[in-house]
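Student: Just dropping this structure here.
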Amino acid sequence: MDIPRIFTISESAHRIHNPFTPENLATLGAALRLEPGARLLDLGSGSGEMLCTWARDHGITGLGVDMSRLFAGQAKRRAEELGVAGRVEFVHGDAAGYVAAEKVDVAACIGATWIGGGVAGTIELLAKSLRPGGIILVGEPYWLRLPPTEDVARGCDAGSISEFLVLPDLLASFGDLGYDVVEMVLAGREGWDRYEAAKWLTMRRWLDANPDDDFAKEVRERLTLEPERYAAYTREYLGWGVFALMAR
Ligand code: SAH
């Protein structure tokens, strides 16, 4: 069981697999006013940077579940490196349908809402692990401005325009699901550039080291097209943020 190989190649050097900078992640951790000992669940925890740095900075404890063997392994090593391996745990597995044995104070899914079949389904899934009064964190893209055509939406790697909402509509949609939006931290362009452009050097290095790999043609094609695609589409049209929600 694993995720498509293109991600474990292009994002193998990422600590944060989304357009947040380390500063954005720290801002969010502080904004949530986490108490030492608070328990977090993170579905699609990637390389574990959120749980590991928040364990170091705020004394939280947590469990992360991720379907990438590579990323889950990196998360464990990061926890050891930051001296928080006793407080955070990472498991390799499918988070679809995952419910924590013990209710948590914060239940998160950051940039992986397909795990619950979309934003609404993911919130419903996270709610099953949450203590009454707890906080749900959802990381999700939104349109900075609506793409003029479906082709532009696809250029942003969206299936269609309807896959994402503009920010006011996304915020309203949380209300429609019965949640207050109690905090949000939005990524900026610099964060997007870090997330996307860092893939290019990783892909180039991988190509240089693996010229005869079956996958080299696909990675080469991507590296050739990605900078221009990103600059023309994603960078112009797509925003991204993490939204903190509490049930009304
Ligand atoms: N939240 C992390 C990772 C976001 S990238 C961060 O912000 O850094 C999306 C992550 O979802 C990847 O790590 C990928 O391996 C993971 N993933 C994809 N499908 C999954 C599934 N069904 N169950 C658990 N993790 C999954």
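To be explicit about the labels: the chains of the structure tokens are called A, B, and onward in the order shown, and within each one the residues are counted from 1, while ligands get numbers from 1 in the order they are shown.
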Give me, as an MDAnalysis selection string, all polymer residues having an atom no more than 9 Å from Gly134 of chain A, counting only C-alpha atoms and skipping those fewer than 3 positions away in the same chain.
Tutor: chainID A and resid 104:107 127 130:131 245:247
Student: What are the closest atom pairs, with distances in Å to one decimal, for all residues of chain A lying within 7 Å of ligand 1? Consider only C-alpha atoms and all ligand atoms, order rows by chain and residue number, and present the result as JSON lines.
Tutor:
```
{"residue": "A:Ile3", "atom": "CA", "partner": "ligand 1", "partner_atom_place_in_ligand_line": "15 (O)", "distance": 5.7}
{"residue": "A:Arg15", "atom": "CA", "partner": "ligand 1", "partner_atom_place_in_ligand_line": "8 (O)", "distance": 6.5}
{"residue": "A:Ile16", "atom": "CA", "partner": "ligand 1", "partner_atom_place_in_ligand_line": "8 (O)", "distance": 3.9}
{"residue": "A:His17", "atom": "CA", "partner": "ligand 1", "partner_atom_place_in_ligand_line": "8 (O)", "distance": 3.7}
{"residue": "A:Asn18", "atom": "CA", "partner": "ligand 1", "partner_atom_place_in_ligand_line": "7 (O)", "distance": 5.0}
{"residue": "A:Leu43", "atom": "CA", "partner": "ligand 1", "partner_atom_place_in_ligand_line": "24 (C)", "distance": 6.0}
{"residue": "A:Gly44", "atom": "CA", "partner": "ligand 1", "partner_atom_place_in_ligand_line": "25 (N)", "distance": 3.7}
{"residue": "A:Ser45", "atom": "CA", "partner": "ligand 1", "partner_atom_place_in_ligand_line": "1 (N)", "distance": 4.2}
{"residue": "A:Gly46", "atom": "CA", "partner": "ligand 1", "partner_atom_place_in_ligand_line": "13 (O)", "distance": 3.3}
{"residue": "A:Ser47", "atom": "CA", "partner": "ligand 1", "partner_atom_place_in_ligand_line": "8 (O)", "distance": 6.0}
{"residue": "A:Gly48", "atom": "CA", "partner": "ligand 1", "partner_atom_place_in_ligand_line": "8 (O)", "distance": 6.6}
{"residue": "A:Glu49", "atom": "CA", "partner": "ligand 1", "partner_atom_place_in_ligand_line": "8 (O)", "distance": 6.5}
{"residue": "A:Val65", "atom": "CA", "partner": "ligand 1", "partner_atom_place_in_ligand_line": "24 (C)", "distance": 5.7}
{"residue": "A:Asp66", "atom": "CA", "partner": "ligand 1", "partner_atom_place_in_ligand_line": "25 (N)", "distance": 3.6}
{"residue": "A:Met67", "atom": "CA", "partner": "ligand 1", "partner_atom_place_in_ligand_line": "25 (N)", "distance": 4.0}
{"residue": "A:Ser68", "atom": "CA", "partner": "ligand 1", "partner_atom_place_in_ligand_line": "15 (O)", "distance": 4.1}
{"residue": "A:Phe71", "atom": "CA", "partner": "ligand 1", "partner_atom_place_in_ligand_line": "13 (O)", "distance": 6.1}
{"residue": "A:Gly93", "atom": "CA", "partner": "ligand 1", "partner_atom_place_in_ligand_line": "24 (C)", "distance": 6.0}
{"residue": "A:Asp94", "atom": "CA", "partner": "ligand 1", "partner_atom_place_in_ligand_line": "23 (N)", "distance": 3.7}
{"residue": "A:Ala95", "atom": "CA", "partner": "ligand 1", "partner_atom_place_in_ligand_line": "23 (N)", "distance": 3.7}
{"residue": "A:Ala96", "atom": "CA", "partner": "ligand 1", "partner_atom_place_in_ligand_line": "22 (N)", "distance": 5.3}
{"residue": "A:Cys109", "atom": "CA", "partner": "ligand 1", "partner_atom_place_in_ligand_line": "1 (N)", "distance": 6.3}
{"residue": "A:Ile110", "atom": "CA", "partner": "ligand 1", "partner_atom_place_in_ligand_line": "1 (N)", "distance": 4.3}
{"residue": "A:Gly111", "atom": "CA", "partner": "ligand 1", "partner_atom_place_in_ligand_line": "4 (C)", "distance": 4.8}
{"residue": "A:Ala112", "atom": "CA", "partner": "ligand 1", "partner_atom_place_in_ligand_line": "9 (C)", "distance": 4.7}
{"residue": "A:Ile115", "atom": "CA", "partner": "ligand 1", "partner_atom_place_in_ligand_line": "22 (N)", "distance": 5.0}
```
Student: Produce a file of the selected residues containing C-alpha atoms, as a PDB file, in the first residue's frame.
Tutor:
```pdb
ATOM      1  CA  ILE A   3       0.799   6.620  -2.828  1.00  0.00           C
ATOM      2  CA  ARG A  15       9.397  18.599   5.148  1.00  0.00           C
ATOM      3  CA  ILE A  16       6.086  20.347   4.573  1.00  0.00           C
ATOM      4  CA  HIS A  17       4.062  18.895   1.697  1.00  0.00           C
ATOM      5  CA  ASN A  18       1.847  21.915   1.169  1.00  0.00           C
ATOM      6  CA  LEU A  43      -4.693  12.176   8.914  1.00  0.00           C
ATOM      7  CA  GLY A  44      -2.311  12.341   5.951  1.00  0.00           C
ATOM      8  CA  SER A  45       0.488  13.546   8.217  1.00  0.00           C
ATOM      9  CA  GLY A  46       3.171  13.453   5.491  1.00  0.00           C
ATOM     10  CA  SER A  47       6.673  13.854   6.898  1.00  0.00           C
ATOM     11  CA  GLY A  48       5.263  14.854  10.271  1.00  0.00           C
ATOM     12  CA  GLU A  49       6.490  18.448  10.454  1.00  0.00           C
ATOM     13  CA  VAL A  65      -1.357   8.370   9.864  1.00  0.00           C
ATOM     14  CA  ASP A  66       0.048   8.439   6.329  1.00  0.00           C
ATOM     15  CA  MET A  67      -0.137   6.111   3.377  1.00  0.00           C
ATOM     16  CA  SER A  68       3.377   6.890   2.123  1.00  0.00           C
ATOM     17  CA  PHE A  71       6.968  10.016   4.383  1.00  0.00           C
ATOM     18  CA  GLY A  93      -1.502   3.166   6.677  1.00  0.00           C
ATOM     19  CA  ASP A  94      -4.651   4.244   4.883  1.00  0.00           C
ATOM     20  CA  ALA A  95      -6.369   6.986   6.898  1.00  0.00           C
ATOM     21  CA  ALA A  96      -9.705   6.570   5.086  1.00  0.00           C
ATOM     22  CA  CYS A 109      -6.358  16.753   7.775  1.00  0.00           C
ATOM     23  CA  ILE A 110      -4.008  19.167   6.032  1.00  0.00           C
ATOM     24  CA  GLY A 111      -3.992  19.016   2.268  1.00  0.00           C
ATOM     25  CA  ALA A 112      -5.421  15.526   1.929  1.00  0.00           C
ATOM     26  CA  ILE A 115      -9.132  10.855   2.425  1.00  0.00           C
TER      27      ILE A 115
END
```
Student: Any idea what's packed within 7 Å of segment 155-159 of chain A, counting only C-alpha atoms, ignoring anything in its chain fewer than 3 positions away? Could you give it as a VMD selection string?
Tutor: chain A and resid 151 to 152 163 229 233 to 234
Student: Check the smallest atom-to-atom distance from each of A:Glu236, A:Asp57, A:Glu11, A:Asp2 to Ala153 of chain A using only C-alpha atoms, then report the winner.
Tutor: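 Result for the nearest residue to Ala153 of chain A: A:Glu236.
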Student: In segment 68-233 of chain A, what's helix (DSSP H, G or I) per DSSP? Answer as a PyMOL selection string?
Tutor: chain A and resi 69-81+113-116+119-127+150-155+161-163+167-176+189-209+216-233
Student: One number please: atom CA of Gly178 of chain A to atom CA of Val138 of chain A, in Å, one decimal.
Tutor: 14.6 Å
Student: Between A:Ala187, A:Leu167, A:Ile9, A:Ala120, which residue has the minimum interatomic distance to Leu144 of chain A, considering only C-alpha atoms?
Tutor: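 Checking each candidate against Leu144 of chain A, we get A:Leu167 as the closest.
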Student: So that I can check the surroundings of Ala197 of chain A, please list as a PyMOL selection string every protein, DNA and RNA residue that reaches within 12 Å of it, counting only C-alpha atoms and ignoring chain neighbours fewer than 3 positions away.
Tutor: chain A and resi 10-11+13-14+18-19+189-194+200-204+223+226-231+234-235
Student: Using atom CA of Glu80 of chain A and atom CA of Leu51 of chain A as the two end points, give the distance in Å to one decimal.
Tutor: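 The value is 12.3 Å.
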Student: Residues at most 8 Å from Glu183 of chain A, counting only C-alpha atoms, excluding those fewer than 5 positions away in the same chain, as a PyMOL selection string?
Tutor: chain A and resi 31-32+243-245
Student: Quote the spacing between atom CA of Gly97 of chain A and atom CA of Leu63 of chain A in Å to one decimal place.
Tutor: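 Going from atom CA of Gly97 of chain A over to atom CA of Leu63 of chain A covers 15.1 Å.
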Student: Which residues are near Ala108 of chain A? Cut-off 8 Å, only C-alpha atoms, ignore same chain within fewer than 3 positions. Put them as a PyMOL selection string.
Tutor: chain A and resi 40-43+126+136-138
Student: Which is closest to Pro22 of chain A among A:Val166, A:Tyr195, A:Glu124, A:Asp180, if we use only C-alpha atoms?
Tutor: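 Of A:Val166, A:Tyr195, A:Glu124, A:Asp180, the one nearest Pro22 of chain A is A:Tyr195, counting only C-alpha atoms.
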Student: Would you give me, as number ranges by chain, the residues in segment 54-198 of chain A that DSSP reads as strand (DSSP E)?
Tutor: A: 61-66, 88-92, 104-110, 130-143, 179-186
Student: Would you mind telling me which residue in A:Val242, A:Ala72, A:Met1, A:Val91 lies nearest to Val185 of chain A when using only C-alpha atoms?
Tutor: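 Once distances to Val185 of chain A are computed over only C-alpha atoms, the minimum belongs to A:Val242.
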